[in-house]
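Working notes for the structure below.
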Amino acid sequence: MFSPLSYYDRVTSLLSGHFFRGTALLLCRVSLAGVFWRAGRTKVEEESLLSISGTTRFLFEQEYSGVPLPSELSMYLATYAEHAFPVLLVLGLGTRFSALGLLLMTMTIQFFVYPDAWWQVHSLWAALSLILLSEGGGGLSLDSLISRFRRVRSSAPA
């Protein structure tokens, strides 16, 4: 006999499994990384790896001047963070650390640069960061691989 509750239980069991969770966390990592990587690439000269553009210097001196750090320091911190943290997130390496860094950047942007952008943009970045902070990178990450390797090594006889 067909029972809607048993069908629901089977579907939720499948959706809460290891593979689905890992895939969802991978999507969170890639989505958040994509936003910040693209922002980081707009801060550097075209066809360079990390040469800060004149436009970026101007923006940090003028439009982003509300950030409570010297504009030169905040310019370099933001540019390097927007390049390093996304790479780490895509790899799933230091996921919680990277998510925390991007959450702090998001909140800095929210409070000191674009305070009217919470519901349109920043709430989504914060939500993705908080999910990754609480859950980690998931099974499809280098963090998970390293954790499994450490468990195997620690349980091996000496």
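Residues are referred to by chain and number: the chain letter is A, B, ... according to the order shown in the structure tokens, the number counts from 1 in that chain, and ligands are numbered separately from 1 in the order shown.
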Can you pull out every residue within 9 Å of range 114-130 of chain A, counting only C-alpha atoms, but drop anything in the same chain fewer than 2 positions away, and send it as a compact mmCIF listing (two decimals) with N, CA and C atoms, in the first residue's frame?
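Result file is result29.txt:
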# COMPACT_ATOMS: atom_id res chain seq x y z
N CYS A 28 27.79 25.39 -2.84
CA CYS A 28 27.96 26.57 -1.98
C CYS A 28 29.37 27.13 -2.12
N ARG A 29 30.36 26.24 -2.08
CA ARG A 29 31.76 26.68 -2.18
C ARG A 29 32.03 27.36 -3.51
N SER A 31 29.87 28.66 -5.67
CA SER A 31 29.07 29.88 -5.83
C SER A 31 29.71 31.06 -5.11
N LEU A 32 30.07 30.86 -3.86
CA LEU A 32 30.69 31.94 -3.09
C LEU A 32 32.05 32.30 -3.68
N VAL A 35 31.75 34.56 -6.89
CA VAL A 35 31.44 35.97 -6.62
C VAL A 35 32.71 36.74 -6.28
N TYR A 64 35.49 53.73 -1.14
CA TYR A 64 35.57 52.77 -0.04
C TYR A 64 36.31 53.36 1.16
N ARG A 96 36.50 26.30 6.24
CA ARG A 96 35.94 27.15 7.30
C ARG A 96 36.73 28.45 7.44
N SER A 98 38.45 30.01 5.07
CA SER A 98 38.14 30.85 3.91
C SER A 98 36.74 31.44 4.01
N ALA A 99 35.79 30.64 4.44
CA ALA A 99 34.41 31.13 4.59
C ALA A 99 34.35 32.24 5.64
N LEU A 100 35.10 32.09 6.72
CA LEU A 100 35.14 33.13 7.75
C LEU A 100 35.74 34.41 7.17
N GLY A 101 36.83 34.29 6.42
CA GLY A 101 37.44 35.47 5.80
C GLY A 101 36.47 36.19 4.88
N LEU A 102 35.73 35.44 4.07
CA LEU A 102 34.79 36.06 3.15
C LEU A 102 33.56 36.61 3.87
N LEU A 103 33.18 35.98 4.97
CA LEU A 103 32.09 36.54 5.78
C LEU A 103 32.51 37.87 6.39
N LEU A 104 33.73 37.95 6.89
CA LEU A 104 34.23 39.21 7.45
C LEU A 104 34.32 40.30 6.37
N THR A 106 32.41 40.39 3.68
CA THR A 106 31.01 40.72 3.39
C THR A 106 30.47 41.72 4.39
N MET A 107 30.73 41.47 5.68
CA MET A 107 30.21 42.36 6.71
C MET A 107 30.90 43.74 6.66
N ILE A 109 32.01 45.16 3.89
CA ILE A 109 31.37 45.82 2.74
C ILE A 109 29.98 46.31 3.14
N GLN A 110 29.24 45.47 3.86
CA GLN A 110 27.88 45.82 4.27
C GLN A 110 27.86 47.06 5.16
N PHE A 111 28.71 47.09 6.17
CA PHE A 111 28.66 48.18 7.15
C PHE A 111 29.36 49.45 6.69
N PHE A 112 30.43 49.33 5.92
CA PHE A 112 31.25 50.50 5.63
C PHE A 112 31.24 50.96 4.18
N LEU A 132 28.96 27.19 5.10
CA LEU A 132 30.29 26.58 5.02
C LEU A 132 31.02 26.62 6.35
N LEU A 133 30.80 27.66 7.13
CA LEU A 133 31.39 27.72 8.47
C LEU A 133 30.84 26.61 9.35
N SER A 134 29.55 26.37 9.28
CA SER A 134 28.95 25.38 10.16
C SER A 134 29.15 23.94 9.67
N GLU A 135 29.17 23.74 8.36
CA GLU A 135 29.22 22.38 7.81
C GLU A 135 30.59 21.96 7.29
Give me the range 13-112 of chain A side of the contact with range 136-145 of chain A, cut-off 9 Å, one line per residue showing its nearest atom pair and distance in Å at one decimal, counting only C-alpha atoms, sorted by chain and residue number, as a Markdown table.
| residue | atom | partner | partner_atom | distance |
| --- | --- | --- | --- | --- |
| A:His18 | CA | A:Gly139 | CA | 7.0 |
| A:Phe19 | CA | A:Gly139 | CA | 7.3 |
| A:Arg21 | CA | A:Gly138 | CA | 6.8 |
| A:Gly22 | CA | A:Gly138 | CA | 4.6 |
| A:Thr23 | CA | A:Leu140 | CA | 7.0 |
| A:Ala24 | CA | A:Gly138 | CA | 8.4 |
| A:Leu25 | CA | A:Gly138 | CA | 5.7 |
| A:Leu26 | CA | A:Leu140 | CA | 6.7 |
| A:Cys28 | CA | A:Gly137 | CA | 8.9 |
| A:Arg29 | CA | A:Gly137 | CA | 7.3 |
| A:Leu89 | CA | A:Gly137 | CA | 7.8 |
| A:Val90 | CA | A:Ser141 | CA | 8.2 |
| A:Leu91 | CA | A:Leu142 | CA | 6.2 |
| A:Gly92 | CA | A:Ser141 | CA | 4.3 |
| A:Leu93 | CA | A:Asp143 | CA | 5.2 |
| A:Gly94 | CA | A:Asp143 | CA | 6.6 |
| A:Thr95 | CA | A:Gly137 | CA | 5.5 |
| A:Arg96 | CA | A:Gly136 | CA | 5.7 |
| A:Ala99 | CA | A:Gly136 | CA | 8.9 |
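Straight-line separation from CA of Ala78 in chain A to CA of Met105 in chain A: 7.6 Å.
Taking CA of Gln62 in chain A as the reference point, CA of Arg41 in chain A is found at 19.6 Å.
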(Q) Just want the 12 Å neighbourhood of Leu49 in chain A, counted on only C-alpha atoms, with same-chain residues fewer than 3 positions away dropped. Output as an NGL selection string. (A) :A and (40-46 or 52-53 or 79-80 or 83-84)
